[in-house]
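Structure file upload25.cif (mmCIF, C-alpha atoms (C1' of nucleotides)) is printed below.
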data_protein
#
loop_
_atom_site.label_atom_id
_atom_site.label_comp_id
_atom_site.auth_asym_id
_atom_site.auth_seq_id
_atom_site.Cartn_x
_atom_site.Cartn_y
_atom_site.Cartn_z
CA MET A 574 -56.11 -44.21 0.29
CA VAL A 575 -57.44 -45.45 -2.92
CA LEU A 576 -60.60 -47.43 -2.62
CA LEU A 577 -63.69 -45.34 -2.86
CA GLY A 578 -65.18 -46.74 0.26
CA ARG A 579 -67.10 -49.35 -1.60
CA TYR A 580 -66.18 -52.93 -1.91
CA VAL A 581 -65.86 -54.89 -5.07
CA ILE A 582 -68.99 -56.49 -3.90
CA ARG A 583 -70.69 -56.61 -0.63
CA LEU A 584 -73.42 -59.05 -0.14
CA SER A 585 -75.08 -57.32 2.77
CA LYS A 586 -77.88 -58.55 4.95
CA LEU A 587 -80.18 -56.30 3.04
CA THR A 588 -79.24 -58.03 -0.16
CA ASP A 589 -79.93 -61.36 1.39
CA TYR A 590 -83.33 -60.20 2.60
CA ALA A 591 -84.04 -58.84 -0.83
CA VAL A 592 -83.40 -62.17 -2.47
CA VAL A 593 -85.68 -63.88 -0.02
CA MET A 594 -88.48 -61.47 -0.78
CA LEU A 595 -87.91 -61.51 -4.50
CA SER A 596 -87.90 -65.28 -4.56
CA TYR A 597 -91.19 -65.24 -2.80
CA MET A 598 -92.58 -62.91 -5.42
CA ALA A 599 -91.14 -65.02 -8.19
CA ALA A 600 -93.36 -67.89 -7.18
CA ARG A 601 -96.31 -66.19 -8.77
CA GLU A 602 -95.35 -63.59 -11.30
CA GLY A 603 -97.85 -60.92 -12.12
CA GLU A 604 -99.16 -60.78 -8.58
CA VAL A 605 -98.96 -57.57 -6.57
CA TYR A 606 -97.55 -57.82 -3.07
CA THR A 607 -97.74 -55.26 -0.29
CA THR A 608 -94.84 -54.41 1.97
CA ALA A 609 -96.65 -55.82 4.96
CA ARG A 610 -97.21 -59.14 3.32
CA LEU A 611 -93.67 -59.50 2.09
CA ALA A 612 -92.28 -58.52 5.46
CA GLN A 613 -94.33 -61.19 7.17
CA ARG A 614 -93.47 -63.92 4.75
CA SER A 615 -89.77 -63.25 4.79
CA ALA A 616 -89.50 -62.62 8.51
CA VAL A 617 -87.93 -59.22 7.94
CA PRO A 618 -89.13 -56.32 10.11
CA GLU A 619 -91.56 -54.22 8.15
CA PRO A 620 -89.73 -50.87 8.13
CA THR A 621 -86.65 -52.58 6.89
CA ALA A 622 -88.56 -54.50 4.29
CA ALA A 623 -90.07 -51.23 3.13
CA LYS A 624 -86.66 -49.73 2.69
CA ILE A 625 -85.46 -52.66 0.68
CA LEU A 626 -88.51 -52.68 -1.55
CA LYS A 627 -88.13 -48.99 -2.27
CA SER A 628 -84.57 -49.55 -3.32
CA LEU A 629 -85.55 -52.40 -5.57
CA ALA A 630 -88.21 -50.25 -7.17
CA ARG A 631 -85.70 -47.47 -7.74
CA GLY A 632 -83.47 -50.05 -9.33
CA SER A 633 -86.21 -51.06 -11.76
CA ILE A 634 -86.36 -54.55 -10.39
CA LEU A 635 -89.81 -53.98 -9.02
CA VAL A 636 -92.64 -51.89 -10.31
CA SER A 637 -94.60 -50.12 -7.63
CA GLN A 638 -98.22 -49.24 -7.55
CA ARG A 639 -99.19 -46.55 -5.10
CA GLY A 640 -102.50 -45.90 -3.48
CA SER A 641 -104.84 -48.43 -2.05
CA ASN A 642 -104.63 -51.83 -3.64
CA GLY A 643 -101.06 -50.86 -4.36
CA GLY A 644 -97.93 -52.85 -3.81
CA TYR A 645 -94.99 -54.23 -5.70
CA GLU A 646 -94.62 -56.54 -8.61
CA LEU A 647 -91.62 -57.95 -10.42
CA ALA A 648 -90.72 -55.64 -13.27
CA ARG A 649 -89.65 -58.58 -15.40
CA PRO A 650 -89.72 -62.36 -15.31
CA ALA A 651 -87.42 -63.78 -12.66
CA ALA A 652 -85.21 -65.32 -15.30
CA GLU A 653 -84.38 -61.85 -16.55
CA ILE A 654 -83.39 -60.39 -13.23
CA THR A 655 -79.75 -60.95 -12.37
CA VAL A 656 -78.16 -61.13 -8.99
CA ALA A 657 -75.85 -58.37 -10.15
CA GLU A 658 -78.80 -56.04 -10.56
CA ILE A 659 -80.12 -56.81 -7.14
CA ILE A 660 -76.81 -56.07 -5.53
CA VAL A 661 -76.44 -52.86 -7.47
CA ALA A 662 -79.91 -51.73 -6.49
CA LEU A 663 -79.17 -52.17 -2.81
CA ASP A 664 -75.50 -51.51 -2.38
CA GLY A 665 -74.66 -49.36 -5.33
CA PRO A 666 -72.29 -50.12 -8.16
CA ILE A 667 -70.37 -53.35 -8.00
CA ALA A 668 -67.30 -51.48 -7.58
CA LEU A 669 -64.33 -50.33 -7.74
CA ALA A 670 -61.09 -48.84 -6.73
CA ALA A 671 -60.04 -45.48 -8.00
CA CYS A 672 -57.65 -45.80 -10.89
CA VAL A 673 -60.29 -47.87 -12.58
CA GLU A 674 -61.46 -47.40 -16.11
CA GLY A 675 -64.09 -44.72 -16.25
CA SER A 676 -63.26 -43.33 -12.86
CA SER A 677 -62.34 -39.68 -12.75
CA ASP A 678 -60.57 -40.08 -9.45
CA HIS A 679 -56.88 -40.19 -9.42
CA CYS A 680 -54.55 -41.49 -6.81
CA GLY A 681 -51.71 -39.17 -7.68
CA VAL A 682 -49.04 -41.79 -7.94
CA GLU A 683 -49.00 -42.81 -11.55
CA GLN A 684 -47.05 -46.00 -11.20
CA LEU A 685 -49.32 -47.29 -8.50
CA CYS A 686 -52.33 -46.12 -10.38
CA SER A 687 -51.55 -48.04 -13.51
CA MET A 688 -51.12 -51.19 -11.51
CA ARG A 689 -54.28 -50.73 -9.62
CA GLY A 690 -56.11 -50.56 -12.88
CA ASN A 691 -55.75 -54.30 -12.86
CA TRP A 692 -58.51 -54.56 -10.34
CA ASN A 693 -60.60 -54.06 -13.45
CA ARG A 694 -59.97 -57.61 -14.34
CA VAL A 695 -61.21 -58.71 -10.96
CA ASN A 696 -64.19 -56.44 -11.12
CA ARG A 697 -65.16 -57.69 -14.51
CA ALA A 698 -64.78 -61.32 -13.56
CA ILE A 699 -67.07 -60.86 -10.61
CA ARG A 700 -69.58 -58.80 -12.49
CA ASP A 701 -69.73 -61.39 -15.23
CA ALA A 702 -70.27 -64.16 -12.74
CA LEU A 703 -73.08 -62.28 -11.07
CA GLU A 704 -74.75 -61.33 -14.30
CA ASP A 705 -74.99 -64.99 -15.15
CA ILE A 706 -77.04 -65.90 -12.12
CA THR A 707 -80.68 -64.90 -12.21
CA LEU A 708 -83.39 -64.65 -9.66
CA ALA A 709 -84.94 -67.71 -11.23
CA ASP A 710 -81.78 -69.65 -10.40
CA MET A 711 -81.86 -68.47 -6.83
CA ALA A 712 -85.52 -69.22 -6.38
CA VAL A 713 -85.40 -72.76 -7.69
CA PRO A 714 -85.85 -74.63 -4.40
CA PHE A 715 -89.18 -72.90 -3.96
CA VAL A 716 -90.82 -75.99 -5.34
CA ALA A 717 -93.77 -75.86 -3.02
CA PRO A 718 -94.85 -72.27 -2.57
CA ALA A 719 -98.03 -73.45 -0.92
CA VAL A 720 -96.08 -74.83 2.01
CA VAL A 721 -94.34 -71.55 2.49
CA GLU A 722 -97.65 -69.77 2.37
CA THR A 723 -98.84 -71.64 5.43
CA ARG A 724 -95.86 -70.63 7.51
CA PRO A 725 -96.54 -67.11 8.67
CA GLU A 726 -93.56 -65.75 10.49
CA GLN A 727 -91.00 -67.05 12.88
CA GLY A 728 -87.92 -65.59 14.51
CA LEU A 729 -84.82 -66.01 12.44
CA ARG A 730 -81.43 -67.10 13.68
CA MET B 501 -80.42 -61.99 10.46
CA VAL B 502 -78.71 -64.47 8.31
CA LEU B 503 -75.43 -63.24 7.01
CA LEU B 504 -72.58 -63.94 9.33
CA GLY B 505 -71.35 -60.41 9.29
CA ARG B 506 -68.98 -61.06 6.48
CA TYR B 507 -69.55 -60.16 2.93
CA VAL B 508 -69.32 -62.47 0.00
CA ILE B 509 -66.25 -60.56 -0.76
CA ARG B 510 -64.96 -57.33 0.46
CA LEU B 511 -62.11 -55.78 -1.31
CA SER B 512 -61.00 -53.55 1.50
CA LYS B 513 -58.42 -50.82 1.45
CA LEU B 514 -56.09 -53.19 3.19
CA THR B 515 -56.45 -55.64 0.35
CA ASP B 516 -55.68 -52.94 -2.14
CA TYR B 517 -52.57 -51.94 -0.22
CA ALA B 518 -51.56 -55.56 -0.02
CA VAL B 519 -51.69 -55.97 -3.76
CA VAL B 520 -49.61 -52.88 -4.25
CA MET B 521 -46.97 -54.19 -1.90
CA LEU B 522 -47.03 -57.69 -3.27
CA SER B 523 -46.71 -56.43 -6.82
CA TYR B 524 -43.68 -54.51 -5.77
CA MET B 525 -42.18 -57.65 -4.32
CA ALA B 526 -43.07 -59.63 -7.40
CA ALA B 527 -40.77 -57.47 -9.47
CA ARG B 528 -37.80 -59.27 -8.06
CA GLU B 529 -38.64 -62.63 -6.61
CA GLY B 530 -36.31 -64.12 -4.07
CA GLU B 531 -35.46 -60.75 -2.59
CA VAL B 532 -36.21 -60.02 1.06
CA TYR B 533 -38.02 -56.79 1.84
CA THR B 534 -38.40 -55.07 5.18
CA THR B 535 -41.62 -53.54 6.38
CA ALA B 536 -40.10 -50.09 6.31
CA ARG B 537 -39.06 -50.39 2.71
CA LEU B 538 -42.37 -51.74 1.53
CA ALA B 539 -44.24 -49.07 3.43
CA GLN B 540 -42.22 -46.36 1.76
CA ARG B 541 -42.54 -47.72 -1.71
CA SER B 542 -46.23 -48.26 -1.54
CA ALA B 543 -47.05 -45.03 0.29
CA VAL B 544 -48.80 -46.91 3.05
CA PRO B 545 -48.14 -45.78 6.64
CA GLU B 546 -45.69 -48.13 8.27
CA PRO B 547 -47.78 -49.48 11.15
CA THR B 548 -50.52 -50.32 8.74
CA ALA B 549 -48.12 -51.90 6.32
CA ALA B 550 -46.75 -53.99 9.17
CA LYS B 551 -50.21 -55.24 10.00
CA ILE B 552 -50.88 -56.20 6.43
CA LEU B 553 -47.58 -58.00 6.03
CA LYS B 554 -48.16 -60.00 9.17
CA SER B 555 -51.51 -61.10 7.87
CA LEU B 556 -50.02 -62.10 4.56
CA ALA B 557 -47.36 -64.12 6.36
CA ARG B 558 -50.00 -65.85 8.45
CA GLY B 559 -51.80 -66.63 5.22
CA SER B 560 -48.68 -68.29 3.80
CA ILE B 561 -48.42 -65.77 1.04
CA LEU B 562 -45.23 -64.38 2.45
CA VAL B 563 -42.45 -66.09 4.33
CA SER B 564 -41.02 -64.04 7.13
CA GLN B 565 -37.53 -63.96 8.43
CA ARG B 566 -37.11 -62.54 11.89
CA GLY B 567 -34.11 -60.95 13.46
CA SER B 568 -31.79 -58.45 11.90
CA ASN B 569 -31.47 -58.75 8.15
CA GLY B 570 -34.94 -60.17 8.34
CA GLY B 571 -37.95 -59.24 6.29
CA TYR B 572 -40.52 -60.76 3.99
CA GLU B 573 -40.30 -62.69 0.80
CA LEU B 574 -42.94 -64.15 -1.49
CA ALA B 575 -43.66 -67.69 -0.43
CA ARG B 576 -44.21 -68.74 -4.03
CA PRO B 577 -43.81 -67.33 -7.51
CA ALA B 578 -46.29 -64.57 -8.22
CA ALA B 579 -48.02 -66.69 -10.81
CA GLU B 580 -48.97 -69.15 -8.10
CA ILE B 581 -50.50 -66.63 -5.73
CA THR B 582 -54.15 -65.97 -6.43
CA VAL B 583 -56.17 -62.90 -5.66
CA ALA B 584 -58.53 -65.16 -3.76
CA GLU B 585 -55.76 -66.10 -1.36
CA ILE B 586 -54.80 -62.51 -0.76
CA ILE B 587 -58.36 -61.57 0.07
CA VAL B 588 -58.76 -64.54 2.36
CA ALA B 589 -55.54 -63.71 4.17
CA LEU B 590 -56.69 -60.19 4.90
CA ASP B 591 -60.43 -60.34 5.19
CA GLY B 592 -61.08 -63.93 6.14
CA PRO B 593 -63.01 -66.51 4.15
CA ILE B 594 -64.66 -65.37 0.97
CA ALA B 595 -67.92 -65.87 2.47
CA LEU B 596 -70.96 -66.65 3.13
CA ALA B 597 -74.40 -66.56 4.44
CA ALA B 598 -75.57 -69.01 7.02
CA CYS B 599 -77.56 -71.79 5.41
CA VAL B 600 -74.56 -72.43 3.25
CA GLU B 601 -72.99 -75.77 2.65
CA GLY B 602 -70.66 -76.66 5.47
CA SER B 603 -72.05 -74.07 7.81
CA SER B 604 -73.31 -75.32 11.12
CA ASP B 605 -75.44 -72.24 11.63
CA HIS B 606 -79.07 -72.50 11.05
CA CYS B 607 -81.57 -69.80 10.39
CA GLY B 608 -84.49 -71.63 11.90
CA VAL B 609 -86.84 -71.19 9.00
CA GLU B 610 -86.34 -74.19 6.84
CA GLN B 611 -88.01 -72.93 3.73
CA LEU B 612 -85.97 -69.78 3.73
CA CYS B 613 -82.85 -71.68 4.60
CA SER B 614 -83.08 -74.01 1.66
CA MET B 615 -83.45 -71.13 -0.68
CA ARG B 616 -80.59 -69.25 0.78
CA GLY B 617 -78.40 -72.20 0.06
CA ASN B 618 -78.40 -70.90 -3.45
CA TRP B 619 -75.99 -68.21 -2.49
CA ASN B 620 -73.58 -71.09 -2.81
CA ARG B 621 -73.76 -70.73 -6.49
CA VAL B 622 -72.88 -67.08 -6.22
CA ASN B 623 -70.11 -67.77 -3.77
CA ARG B 624 -68.62 -70.40 -5.98
CA ALA B 625 -68.79 -68.27 -9.08
CA ILE B 626 -66.94 -65.48 -7.36
CA ARG B 627 -64.40 -67.73 -5.76
CA ASP B 628 -63.67 -69.36 -9.08
CA ALA B 629 -63.21 -66.02 -10.75
CA LEU B 630 -60.81 -64.88 -8.06
CA GLU B 631 -58.83 -68.07 -8.07
CA ASP B 632 -58.16 -67.57 -11.73
CA ILE B 633 -56.44 -64.25 -11.30
CA THR B 634 -52.91 -64.35 -9.95
CA LEU B 635 -50.58 -61.81 -8.51
CA ALA B 636 -48.59 -62.07 -11.71
CA ASP B 637 -51.65 -60.91 -13.63
CA MET B 638 -52.12 -57.98 -11.30
CA ALA B 639 -48.50 -56.96 -11.38
CA VAL B 640 -48.12 -56.96 -15.15
CA PRO B 641 -47.94 -53.20 -15.74
CA PHE B 642 -44.87 -53.09 -13.54
CA VAL B 643 -42.80 -53.19 -16.70
CA ALA B 644 -40.19 -50.77 -15.45
CA PRO B 645 -39.49 -51.45 -11.80
CA ALA B 646 -36.48 -49.17 -11.97
CA VAL B 647 -38.71 -46.18 -12.51
CA VAL B 648 -40.79 -47.08 -9.54
CA GLU B 649 -37.65 -47.43 -7.48
CA THR B 650 -36.74 -43.81 -8.08
CA ARG B 651 -40.07 -42.51 -6.83
CA PRO B 652 -39.84 -42.57 -3.07
CA GLU B 653 -43.13 -41.65 -1.57
CA GLN B 654 -45.85 -39.20 -2.26
CA GLY B 655 -49.16 -38.43 -0.70
CA LEU B 656 -51.93 -40.49 -2.15
CA ARG B 657 -55.27 -39.18 -3.17
"C1'" DT C 1099 -22.69 -62.52 24.92
"C1'" DC C 1100 -24.81 -58.18 24.17
"C1'" DT C 1101 -27.06 -55.18 21.23
"C1'" DA C 1102 -29.84 -53.69 17.71
"C1'" DA C 1103 -32.75 -54.81 13.90
"C1'" DA C 1104 -36.41 -57.03 12.54
"C1'" DG C 1105 -41.04 -59.55 12.88
"C1'" DA C 1106 -45.20 -61.55 16.10
"C1'" DG C 1107 -49.12 -60.71 18.42
"C1'" DG C 1108 -52.61 -58.41 20.45
"C1'" DA C 1109 -55.05 -54.41 22.77
"C1'" DC C 1110 -57.00 -50.25 21.88
"C1'" DT C 1111 -59.31 -46.20 19.57
"C1'" DG C 1112 -61.61 -43.04 16.34
"C1'" DA C 1113 -64.10 -42.89 12.33
"C1'" DT C 1114 -67.16 -45.02 9.02
"C1'" DT C 1115 -70.71 -47.82 7.61
"C1'" DT C 1116 -74.72 -50.53 8.35
"C1'" DG C 1117 -78.90 -51.90 9.68
"C1'" DG C 1118 -82.88 -50.32 11.29
"C1'" DT C 1119 -86.63 -46.83 12.57
"C1'" DC C 1120 -89.64 -43.07 11.92
"C1'" DC C 1121 -91.84 -39.05 10.08
"C1'" DT C 1122 -93.88 -36.46 6.50
"C1'" DA C 1123 -95.26 -36.24 1.67
"C1'" DT C 1124 -97.73 -38.14 -2.39
"C1'" DT C 1125 -100.77 -41.18 -4.89
"C1'" DG C 1126 -104.91 -43.40 -6.08
"C1'" DG C 1127 -109.27 -46.28 -5.34
"C1'" DG C 1128 -113.84 -46.41 -3.61
"C1'" DC D 767 -112.75 -37.19 0.87
"C1'" DC D 768 -110.83 -40.75 3.43
"C1'" DC D 769 -107.99 -44.60 3.83
"C1'" DA D 770 -104.48 -47.71 2.18
"C1'" DA D 771 -100.32 -47.82 0.08
"C1'" DT D 772 -95.68 -46.23 -1.55
"C1'" DA D 773 -91.78 -42.29 -1.80
"C1'" DG D 774 -88.24 -40.13 0.21
"C1'" DG D 775 -85.44 -38.65 3.61
"C1'" DA D 776 -83.59 -37.68 8.28
"C1'" DC D 777 -81.95 -39.87 11.97
"C1'" DC D 778 -79.73 -43.13 15.48
"C1'" DA D 779 -77.38 -47.02 17.71
"C1'" DA D 780 -74.46 -50.65 16.96
"C1'" DA D 781 -71.07 -53.02 14.49
"C1'" DT D 782 -67.02 -52.92 11.76
"C1'" DC D 783 -62.72 -51.14 9.95
"C1'" DA D 784 -58.53 -48.80 9.43
"C1'" DG D 785 -54.96 -47.43 11.82
"C1'" DT D 786 -51.78 -47.06 15.99
"C1'" DC D 787 -49.09 -48.63 19.66
"C1'" DC D 788 -46.94 -51.50 23.08
"C1'" DT D 789 -44.54 -55.55 24.53
"C1'" DC D 790 -42.34 -59.95 23.40
"C1'" DT D 791 -39.44 -63.03 20.58
"C1'" DT D 792 -35.96 -64.05 17.19
"C1'" DT D 793 -31.49 -63.60 15.05
"C1'" DA D 794 -27.19 -61.56 12.97
"C1'" DG D 795 -23.16 -59.70 14.01
"C1'" DA D 796 -19.79 -56.79 16.69
#
Let me see whether you can do it: turn the structure in this file into structure tokens.
Amino acid sequence: MVLLGRYVIRLSKLTDYAVVMLSYMAAREGEVYTTARLAQRSAVPEPTAAKILKSLARGSILVSQRGSNGGYELARPAAEITVAEIIVALDGPIALAACVEGSSDHCGVEQLCSMRGNWNRVNRAIRDALEDITLADMAVPFVAPAVVETRPEQGLR
Amino acid sequence: MVLLGRYVIRLSKLTDYAVVMLSYMAAREGEVYTTARLAQRSAVPEPTAAKILKSLARGSILVSQRGSNGGYELARPAAEITVAEIIVALDGPIALAACVEGSSDHCGVEQLCSMRGNWNRVNRAIRDALEDITLADMAVPFVAPAVVETRPEQGLR
DNA sequence: TCTAAAGAGGACTGATTTGGTCCTATTGGG
DNA sequence: CCCAATAGGACCAAATCAGTCCTCTTTAGA
């Protein structure tokens, strides 16, 4: 067994939700959004939305403001937030078999290990691709935020 | 819920094993390898190895020969087998939220759906990256196959 | 033509992992 | 102080995965 239980990259549901919420926030930068509001607008159940937002804050993608009148705000302009960061914030490092540069784990079979190191190339290729795509790119079709505003919630799927 | 239960790409343990086995086979193209032999050499339990090899054959990465003296052989030169193909053979399509080009699924919330379509860009970037890396690239460090030959099996991890 | 060696295919199971919920702090404005 | 928010975990049910096994088919060769 060699992989550390994480995939090179998993784009989980949570990540998808996160992008939806972040895109919504990107429509008006500088504004502070509460969990409740974001949950409604993105049709994600509130507790789950809360969990996602906390992770994003921990990942320095959002800045949180506690107390009343609190909420979340993009930590940076959307064009400076990469998809890679979002994924990392929610699913952990974009990552990685053992036998990978920097890893202290060791598979014990040297010959295999050296070969496996070549996943590095794959990892890097994917990381590079994801670091090139920003939240601003993802949010582009949000041309008419006003329209979205008028659509409260609705069951997904 | 929007993701179809599959990740954009999962590099599972099975995939890792597969690459190990395939690299071994790439050392001498044209040779036919039995499941038992490949399992031994790659330190993967035989039933599991068998499962992987069957999947690779179904994915046209290996050609199988049944009956006695049978076994598996690379379907093409290693330089023509991409990492993308290997992943697809084992984990299914590199893929994909609903609301993605070609998908017939529909999330029901148009505004969200249109935005989610932008995962396409991510999907494409990753697919491109993976289609650029071949088995030959992954197998490179196998400079001295003879050495590997003399190391039967050993517990991993 | 029979036998044994090999793969094909699929059912099944135990263990992880995920998504999702909830409860108890902590923070801060009015 | 009180209420509105977030922080941070613990926790659970359901889905998924790795791994095993059993039966069937194919084929070489004695």
Hey, what comes out of the PyMOL selection byres ((chain B and resi 514-530) around 7) on this file? Could you write it as an mmCIF file with C-alpha atoms, in the frame of the given file?
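In the end it all went to selection29.cif:
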data_model
loop_
_atom_site.group_PDB
_atom_site.id
_atom_site.type_symbol
_atom_site.label_atom_id
_atom_site.label_comp_id
_atom_site.auth_asym_id
_atom_site.auth_seq_id
_atom_site.Cartn_x
_atom_site.Cartn_y
_atom_site.Cartn_z
ATOM 1 C CA LEU B 511 -62.110 -55.780 -1.310
ATOM 2 C CA SER B 512 -61.000 -53.550 1.500
ATOM 3 C CA LYS B 513 -58.420 -50.820 1.450
ATOM 4 C CA GLU B 531 -35.460 -60.750 -2.590
ATOM 5 C CA VAL B 532 -36.210 -60.020 1.060
ATOM 6 C CA LEU B 538 -42.370 -51.740 1.530
ATOM 7 C CA SER B 542 -46.230 -48.260 -1.540
ATOM 8 C CA ILE B 552 -50.880 -56.200 6.430
ATOM 9 C CA GLU B 573 -40.300 -62.690 0.800
ATOM 10 C CA LEU B 574 -42.940 -64.150 -1.490
ATOM 11 C CA ALA B 578 -46.290 -64.570 -8.220
ATOM 12 C CA ILE B 587 -58.360 -61.570 0.070
ATOM 13 C CA LEU B 590 -56.690 -60.190 4.900
ATOM 14 C CA LEU B 635 -50.580 -61.810 -8.510
ATOM 15 C CA ALA B 639 -48.500 -56.960 -11.380
ATOM 16 C CA PRO B 645 -39.490 -51.450 -11.800
#
Dump as a count of residues only the residues of chain A that approach chain D to within 8 Å, counting all atoms listed in the file. 10
Distance cut-off 7 Å, counting only C-alpha atoms (C1' of nucleotides) - which residues of chain C neighbour chain A? Return them as a ChimeraX atom specification. /C:1118-1119,1125-1127
Which value, in Å to one decimal, gives the distance between CA of Arg510 in chain B and CA of Ile706 in chain A?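 These atoms are spaced 19.4 Å apart.
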What gap, in Å, lies between C1' of DC1120 in chain C and CA of Asp664 in chain A?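 That distance, rounded to one decimal, is 21.8 Å.
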Work out how far CA of Tyr645 in chain A is from CA of Ala630 in chain A, in Å to one decimal.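 CA of Ala630 in chain A sits 8.0 Å away from CA of Tyr645 in chain A.
Here the question is which of A:Asn691, A:Ser633, A:Ser628, A:Thr608 gets nearest to chain B using all atoms listed in the file, and that residue is A:Asn691.
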